[in-house]
Amino acid sequence: MNSFRTIIWGLGTILVLIVVVPLLRMILAADPMVLRSTVADAEVMRSILLTLRCALWATLFCAFFGIPLAYILARWQFPGRSLVQGIIDLPVMIPHTAAGIALLMIYGRKFFVGKVFASVGLSFVGTEAGISLAMAFVSLPFLVNAARDGFLSINPRLERVARTLGASPWEAFFKVSLPLAWRPILSGGIMMWARGISEFGAVIVLAYHPMTAPVLIWERFESYGLKYARPVAVVLILLCLIIFAALRAIAAKRREA
């Protein structure tokens with residue numbers, strides 16, 4: 001028994017160290033004075049806030065459309081269901097620069113859909129809307145798949161019982177299914193937001209400006225080298241660590257309650 005626990009802990013610890021050591025090395029190598037000046041840099045903070053905001057909008061947008069889709073995939077069998085699930089997973093598999101080009105070919109100013117949106121004053125090239133669109137495209141599988149698994153974990157008989165007691169389909173969904181599936185949905189939303197924050201390839205193709213934090217890190221690395229890129233990366237990592245640790249702690253408290 002002891003040897004089993006030792007091996008399991010050892011294997012798990014190795015994987016954690018693979019993630020922690022490079023990040024910890026980068027954080028510890030950062031000059032505190034440079035970090036302080038980086039935090040005070042208006043361009044850096046503007047890009048970080050832009051990144052967090054666009055990732056949040058992308059997550060909320062996909063939650064509005066993705067949760068119903070997840071429910072469909074969890075509850076109903078229909079022709080092409082496996083194809084739809086494959087399409088949802090596709091953004092994870094394709095290179096994200098290719099995803100950016102695909103989006104540009106649809107939402108660019110020279111293409112039909114892009115022209116239609118432009119006619120009502122909405123552009124996706126070089127705008128916050130474009131950044132959110134790129135983030136949503138590449139990260140939506142995290143939310144949809146988590147929500148689908150959450151609905152799959154709920155016994156459909158609970159919904160049927162609610163219906164026999166007089167609940168409408170909408171009432172059964174909002175009062176039974178959704179409350180029982182909120183934990184996987186929240187976890188998927190957090191993962192989607194995190195993935196959106198880190199997105200680089202699709203964003204840089206569709207909206208190089210205004211610069212998100214990953215684009216700014218790359219731009220400073222290309223222009224000035226590691227010395228100027230590293231502090232921005234450290235600030236973003238620390239901020240994300242605080243945010244997601246807080247979100248996980250809140251979710252854990254609600255789970256215990």
# chains A, B, ... in the order shown; residues from 1 in each chain; ligands from 1

call {"tool": "residues_around", "arguments": {"residues": "A:Gly130", "least_positions_apart": "4", "cutoff": "9 Å", "atoms": "only C-alpha atoms", "output": "PyMOL selection string"}}
result
chain A and resi 107+123-126+134-135+203+206-207

call {"tool": "write_last_selection", "arguments": {"atoms": "N, CA and C atoms", "output": "JSON list (two decimals), in the first residue's frame"}}
result
[["chain", "number", "residue", "atom", "x", "y", "z"],
["A", 107, "TYR", "N", -14.73, 36.85, -41.96],
["A", 107, "TYR", "CA", -15.10, 38.10, -41.29],
["A", 107, "TYR", "C", -14.24, 39.29, -41.73],
["A", 123, "SER", "N", -16.91, 45.73, -37.09],
["A", 123, "SER", "CA", -15.76, 45.18, -37.80],
["A", 123, "SER", "C", -14.99, 44.23, -36.89],
["A", 124, "PHE", "N", -14.43, 43.17, -37.47],
["A", 124, "PHE", "CA", -13.69, 42.18, -36.69],
["A", 124, "PHE", "C", -12.19, 42.23, -36.94],
["A", 125, "VAL", "N", -11.75, 43.04, -37.85],
["A", 125, "VAL", "CA", -10.32, 43.14, -38.17],
["A", 125, "VAL", "C", -9.73, 44.31, -37.40],
["A", 126, "GLY", "N", -8.80, 44.00, -36.50],
["A", 126, "GLY", "CA", -8.16, 45.05, -35.73],
["A", 126, "GLY", "C", -9.05, 45.68, -34.68],
["A", 134, "ALA", "N", -11.79, 35.54, -32.18],
["A", 134, "ALA", "CA", -10.69, 34.58, -32.31],
["A", 134, "ALA", "C", -10.56, 33.74, -31.05],
["A", 135, "MET", "N", -10.67, 34.37, -29.88],
["A", 135, "MET", "CA", -10.59, 33.64, -28.62],
["A", 135, "MET", "C", -11.72, 32.63, -28.50],
["A", 203, "VAL", "N", -5.44, 35.31, -32.87],
["A", 203, "VAL", "CA", -5.60, 36.75, -32.58],
["A", 203, "VAL", "C", -4.67, 37.58, -33.45],
["A", 206, "LEU", "N", -6.07, 37.95, -37.02],
["A", 206, "LEU", "CA", -7.32, 38.69, -37.18],
["A", 206, "LEU", "C", -7.23, 40.10, -36.60],
["A", 207, "ALA", "N", -6.49, 40.26, -35.50],
["A", 207, "ALA", "CA", -6.45, 41.57, -34.85],
["A", 207, "ALA", "C", -5.10, 41.76, -34.16]]

call {"tool": "residues_around", "arguments": {"residues": "stretch 28-42 of chain A", "least_positions_apart": "6", "cutoff": "8 Å", "atoms": "only C-alpha atoms", "output": "ChimeraX atom specification"}}
result
/A:230-232,234-235

call {"tool": "residues_around", "arguments": {"residues": "A:Leu143", "least_positions_apart": "3", "cutoff": "9 Å", "atoms": "only C-alpha atoms", "output": "MDAnalysis selection string"}}
result
chainID A and resid 59 62:63 66:67 70 139:140 146:148 184:192

call {"tool": "atom_distance", "arguments": {"atom1": "atom CA of A:Ala202", "atom2": "atom CA of A:Met105"}}
result
12.3 Å

call {"tool": "residues_around", "arguments": {"residues": "stretch 158-163 of chain A", "least_positions_apart": "2", "cutoff": "12 Å", "atoms": "only C-alpha atoms", "output": "PyMOL selection string"}}
result
chain A and resi 75+151+153-156+165-180

call {"tool": "write_last_selection", "arguments": {"atoms": "N, CA and C atoms", "output": "PDB file, in the first residue's frame"}}
result
ATOM      1  N   ARG A  75     -28.509  14.999 -24.576  1.00  0.00           N
ATOM      2  CA  ARG A  75     -29.832  14.424 -24.369  1.00  0.00           C
ATOM      3  C   ARG A  75     -30.445  13.771 -25.610  1.00  0.00           C
ATOM      4  N   PHE A 151     -24.197  17.586 -18.210  1.00  0.00           N
ATOM      5  CA  PHE A 151     -25.572  17.145 -18.468  1.00  0.00           C
ATOM      6  C   PHE A 151     -25.655  15.624 -18.558  1.00  0.00           C
ATOM      7  N   SER A 153     -23.997  13.574 -16.859  1.00  0.00           N
ATOM      8  CA  SER A 153     -23.896  13.002 -15.507  1.00  0.00           C
ATOM      9  C   SER A 153     -25.219  13.066 -14.738  1.00  0.00           C
ATOM     10  N   ILE A 154     -26.199  13.775 -15.293  1.00  0.00           N
ATOM     11  CA  ILE A 154     -27.504  13.916 -14.629  1.00  0.00           C
ATOM     12  C   ILE A 154     -28.458  12.854 -15.166  1.00  0.00           C
ATOM     13  N   ASN A 155     -29.115  12.158 -14.296  1.00  0.00           N
ATOM     14  CA  ASN A 155     -30.081  11.137 -14.709  1.00  0.00           C
ATOM     15  C   ASN A 155     -31.281  11.815 -15.383  1.00  0.00           C
ATOM     16  N   PRO A 156     -31.560  11.472 -16.639  1.00  0.00           N
ATOM     17  CA  PRO A 156     -32.699  12.102 -17.333  1.00  0.00           C
ATOM     18  C   PRO A 156     -34.035  11.877 -16.631  1.00  0.00           C
ATOM     19  N   LEU A 165     -44.635  16.444 -12.849  1.00  0.00           N
ATOM     20  CA  LEU A 165     -45.161  17.285 -11.776  1.00  0.00           C
ATOM     21  C   LEU A 165     -45.660  18.630 -12.296  1.00  0.00           C
ATOM     22  N   GLY A 166     -45.661  18.781 -13.610  1.00  0.00           N
ATOM     23  CA  GLY A 166     -46.234  19.986 -14.194  1.00  0.00           C
ATOM     24  C   GLY A 166     -45.243  20.999 -14.708  1.00  0.00           C
ATOM     25  N   ALA A 167     -43.955  20.718 -14.615  1.00  0.00           N
ATOM     26  CA  ALA A 167     -42.955  21.664 -15.097  1.00  0.00           C
ATOM     27  C   ALA A 167     -42.914  21.644 -16.622  1.00  0.00           C
ATOM     28  N   SER A 168     -42.712  22.812 -17.212  1.00  0.00           N
ATOM     29  CA  SER A 168     -42.528  22.901 -18.657  1.00  0.00           C
ATOM     30  C   SER A 168     -41.105  22.475 -18.995  1.00  0.00           C
ATOM     31  N   PRO A 169     -40.794  22.225 -20.269  1.00  0.00           N
ATOM     32  CA  PRO A 169     -39.412  21.893 -20.634  1.00  0.00           C
ATOM     33  C   PRO A 169     -38.416  22.957 -20.184  1.00  0.00           C
ATOM     34  N   TRP A 170     -38.802  24.245 -20.295  1.00  0.00           N
ATOM     35  CA  TRP A 170     -37.919  25.321 -19.859  1.00  0.00           C
ATOM     36  C   TRP A 170     -37.703  25.276 -18.348  1.00  0.00           C
ATOM     37  N   GLU A 171     -38.775  25.039 -17.603  1.00  0.00           N
ATOM     38  CA  GLU A 171     -38.659  24.980 -16.149  1.00  0.00           C
ATOM     39  C   GLU A 171     -37.813  23.790 -15.722  1.00  0.00           C
ATOM     40  N   ALA A 172     -37.977  22.652 -16.392  1.00  0.00           N
ATOM     41  CA  ALA A 172     -37.161  21.477 -16.066  1.00  0.00           C
ATOM     42  C   ALA A 172     -35.687  21.747 -16.347  1.00  0.00           C
ATOM     43  N   PHE A 173     -35.434  22.489 -17.417  1.00  0.00           N
ATOM     44  CA  PHE A 173     -34.046  22.798 -17.769  1.00  0.00           C
ATOM     45  C   PHE A 173     -33.423  23.749 -16.751  1.00  0.00           C
ATOM     46  N   PHE A 174     -34.127  24.850 -16.455  1.00  0.00           N
ATOM     47  CA  PHE A 174     -33.546  25.884 -15.597  1.00  0.00           C
ATOM     48  C   PHE A 174     -33.594  25.531 -14.109  1.00  0.00           C
ATOM     49  N   LYS A 175     -34.551  24.695 -13.689  1.00  0.00           N
ATOM     50  CA  LYS A 175     -34.688  24.395 -12.266  1.00  0.00           C
ATOM     51  C   LYS A 175     -34.105  23.041 -11.870  1.00  0.00           C
ATOM     52  N   VAL A 176     -33.863  22.166 -12.864  1.00  0.00           N
ATOM     53  CA  VAL A 176     -33.323  20.845 -12.552  1.00  0.00           C
ATOM     54  C   VAL A 176     -31.961  20.640 -13.216  1.00  0.00           C
ATOM     55  N   SER A 177     -31.931  20.657 -14.536  1.00  0.00           N
ATOM     56  CA  SER A 177     -30.717  20.301 -15.272  1.00  0.00           C
ATOM     57  C   SER A 177     -29.583  21.293 -15.038  1.00  0.00           C
ATOM     58  N   LEU A 178     -29.863  22.565 -15.253  1.00  0.00           N
ATOM     59  CA  LEU A 178     -28.810  23.576 -15.142  1.00  0.00           C
ATOM     60  C   LEU A 178     -28.226  23.683 -13.737  1.00  0.00           C
ATOM     61  N   PRO A 179     -29.050  23.708 -12.679  1.00  0.00           N
ATOM     62  CA  PRO A 179     -28.465  23.761 -11.334  1.00  0.00           C
ATOM     63  C   PRO A 179     -27.601  22.544 -11.002  1.00  0.00           C
ATOM     64  N   LEU A 180     -27.990  21.371 -11.503  1.00  0.00           N
ATOM     65  CA  LEU A 180     -27.207  20.168 -11.210  1.00  0.00           C
ATOM     66  C   LEU A 180     -25.916  20.108 -12.016  1.00  0.00           C
TER      67      LEU A 180
END

call {"tool": "closest_atom_pairs", "arguments": {"of": "stretch 177-242 of chain A", "to": "stretch 85-97 of chain A", "cutoff": "8 Å", "atoms": "only C-alpha atoms", "output": "JSON lines"}}
result
{"residue": "A:Phe200", "atom": "CA", "partner": "A:His96", "partner_atom": "CA", "distance": 7.8}
{"residue": "A:Gly201", "atom": "CA", "partner": "A:Thr97", "partner_atom": "CA", "distance": 4.5}
{"residue": "A:Ala202", "atom": "CA", "partner": "A:Thr97", "partner_atom": "CA", "distance": 4.9}
{"residue": "A:Ile204", "atom": "CA", "partner": "A:Thr97", "partner_atom": "CA", "distance": 7.9}
{"residue": "A:Val205", "atom": "CA", "partner": "A:Thr97", "partner_atom": "CA", "distance": 6.7}

call {"tool": "closest_residue", "arguments": {"among": "A:Thr127, A:Gly150, A:Ile217, A:Val20", "to": "A:Gly108", "atoms": "only C-alpha atoms"}}
result
A:Thr127

call {"tool": "atom_distance", "arguments": {"atom1": "atom CA of A:Arg183", "atom2": "atom CA of A:Leu83"}}
result
26.5 Å

call {"tool": "residues_around", "arguments": {"residues": "A:Ile197", "least_positions_apart": "5", "cutoff": "10 Å", "atoms": "only C-alpha atoms", "output": "ChimeraX atom specification"}}
result
/A:48,50-56,132,135,139,191-192,212-214,236,240

call {"tool": "atom_distance", "arguments": {"atom1": "atom CA of A:Arg5", "atom2": "atom CA of A:Leu17"}}
result
18.0 Å

call {"tool": "decode", "arguments": {"residues": "stretch 140-178 of chain A", "atoms": "N, CA and C atoms", "output": "short mmCIF file (atom, residue, chain, number, x, y, z; two decimals), in the first residue's frame"}}
result
data_model
loop_
_atom_site.label_atom_id
_atom_site.label_comp_id
_atom_site.auth_asym_id
_atom_site.auth_seq_id
_atom_site.Cartn_x
_atom_site.Cartn_y
_atom_site.Cartn_z
N LEU A 140 -13.81 27.45 -27.46
CA LEU A 140 -15.17 27.00 -27.17
C LEU A 140 -15.28 25.51 -26.84
N PRO A 141 -14.40 24.61 -27.35
CA PRO A 141 -14.54 23.19 -26.98
C PRO A 141 -14.46 22.95 -25.48
N PHE A 142 -13.68 23.76 -24.76
CA PHE A 142 -13.54 23.55 -23.32
C PHE A 142 -14.88 23.72 -22.60
N LEU A 143 -15.62 24.75 -22.98
CA LEU A 143 -16.90 25.00 -22.33
C LEU A 143 -17.97 24.03 -22.79
N VAL A 144 -18.09 23.81 -24.09
CA VAL A 144 -19.15 22.95 -24.62
C VAL A 144 -18.97 21.51 -24.13
N ASN A 145 -17.76 21.00 -24.18
CA ASN A 145 -17.52 19.62 -23.76
C ASN A 145 -17.74 19.44 -22.26
N ALA A 146 -17.33 20.43 -21.47
CA ALA A 146 -17.54 20.33 -20.02
C ALA A 146 -19.03 20.36 -19.70
N ALA A 147 -19.76 21.26 -20.37
CA ALA A 147 -21.20 21.34 -20.14
C ALA A 147 -21.90 20.06 -20.58
N ARG A 148 -21.49 19.50 -21.72
CA ARG A 148 -22.09 18.25 -22.20
C ARG A 148 -21.87 17.13 -21.18
N ASP A 149 -20.64 17.02 -20.67
CA ASP A 149 -20.36 15.98 -19.67
C ASP A 149 -21.16 16.21 -18.39
N GLY A 150 -21.37 17.48 -18.05
CA GLY A 150 -22.18 17.78 -16.88
C GLY A 150 -23.62 17.32 -17.05
N PHE A 151 -24.20 17.59 -18.21
CA PHE A 151 -25.57 17.14 -18.47
C PHE A 151 -25.65 15.62 -18.56
N LEU A 152 -24.61 14.99 -19.12
CA LEU A 152 -24.61 13.54 -19.20
C LEU A 152 -24.58 12.88 -17.82
N SER A 153 -24.00 13.57 -16.86
CA SER A 153 -23.90 13.00 -15.51
C SER A 153 -25.22 13.07 -14.74
N ILE A 154 -26.20 13.77 -15.29
CA ILE A 154 -27.50 13.92 -14.63
C ILE A 154 -28.46 12.85 -15.17
N ASN A 155 -29.11 12.16 -14.30
CA ASN A 155 -30.08 11.14 -14.71
C ASN A 155 -31.28 11.81 -15.38
N PRO A 156 -31.56 11.47 -16.64
CA PRO A 156 -32.70 12.10 -17.33
C PRO A 156 -34.04 11.88 -16.63
N ARG A 157 -34.10 10.86 -15.78
CA ARG A 157 -35.36 10.60 -15.08
C ARG A 157 -35.74 11.76 -14.17
N LEU A 158 -34.74 12.51 -13.67
CA LEU A 158 -35.05 13.66 -12.83
C LEU A 158 -35.83 14.72 -13.61
N GLU A 159 -35.44 14.90 -14.88
CA GLU A 159 -36.16 15.85 -15.73
C GLU A 159 -37.57 15.35 -16.02
N ARG A 160 -37.67 14.05 -16.26
CA ARG A 160 -39.00 13.49 -16.56
C ARG A 160 -39.93 13.60 -15.35
N VAL A 161 -39.36 13.40 -14.16
CA VAL A 161 -40.17 13.55 -12.95
C VAL A 161 -40.67 14.99 -12.83
N ALA A 162 -39.79 15.94 -13.10
CA ALA A 162 -40.20 17.35 -13.04
C ALA A 162 -41.32 17.63 -14.04
N ARG A 163 -41.22 17.01 -15.22
CA ARG A 163 -42.27 17.21 -16.23
C ARG A 163 -43.61 16.62 -15.78
N THR A 164 -43.56 15.45 -15.14
CA THR A 164 -44.80 14.83 -14.67
C THR A 164 -45.44 15.64 -13.54
N LEU A 165 -44.63 16.44 -12.85
CA LEU A 165 -45.16 17.28 -11.78
C LEU A 165 -45.66 18.63 -12.30
N GLY A 166 -45.66 18.78 -13.61
CA GLY A 166 -46.23 19.99 -14.19
C GLY A 166 -45.24 21.00 -14.71
N ALA A 167 -43.95 20.72 -14.61
CA ALA A 167 -42.95 21.66 -15.10
C ALA A 167 -42.91 21.64 -16.62
N SER A 168 -42.71 22.81 -17.21
CA SER A 168 -42.53 22.90 -18.66
C SER A 168 -41.11 22.48 -19.00
N PRO A 169 -40.79 22.23 -20.27
CA PRO A 169 -39.41 21.89 -20.63
C PRO A 169 -38.42 22.96 -20.18
N TRP A 170 -38.80 24.24 -20.30
CA TRP A 170 -37.92 25.32 -19.86
C TRP A 170 -37.70 25.28 -18.35
N GLU A 171 -38.78 25.04 -17.60
CA GLU A 171 -38.66 24.98 -16.15
C GLU A 171 -37.81 23.79 -15.72
N ALA A 172 -37.98 22.65 -16.39
CA ALA A 172 -37.16 21.48 -16.07
C ALA A 172 -35.69 21.75 -16.35
N PHE A 173 -35.43 22.49 -17.42
CA PHE A 173 -34.05 22.80 -17.77
C PHE A 173 -33.42 23.75 -16.75
N PHE A 174 -34.13 24.85 -16.45
CA PHE A 174 -33.55 25.88 -15.60
C PHE A 174 -33.59 25.53 -14.11
N LYS A 175 -34.55 24.69 -13.69
CA LYS A 175 -34.69 24.39 -12.27
C LYS A 175 -34.10 23.04 -11.87
N VAL A 176 -33.86 22.17 -12.86
CA VAL A 176 -33.32 20.84 -12.55
C VAL A 176 -31.96 20.64 -13.22
N SER A 177 -31.93 20.66 -14.54
CA SER A 177 -30.72 20.30 -15.27
C SER A 177 -29.58 21.29 -15.04
N LEU A 178 -29.86 22.57 -15.25
CA LEU A 178 -28.81 23.58 -15.14
C LEU A 178 -28.23 23.68 -13.74
#
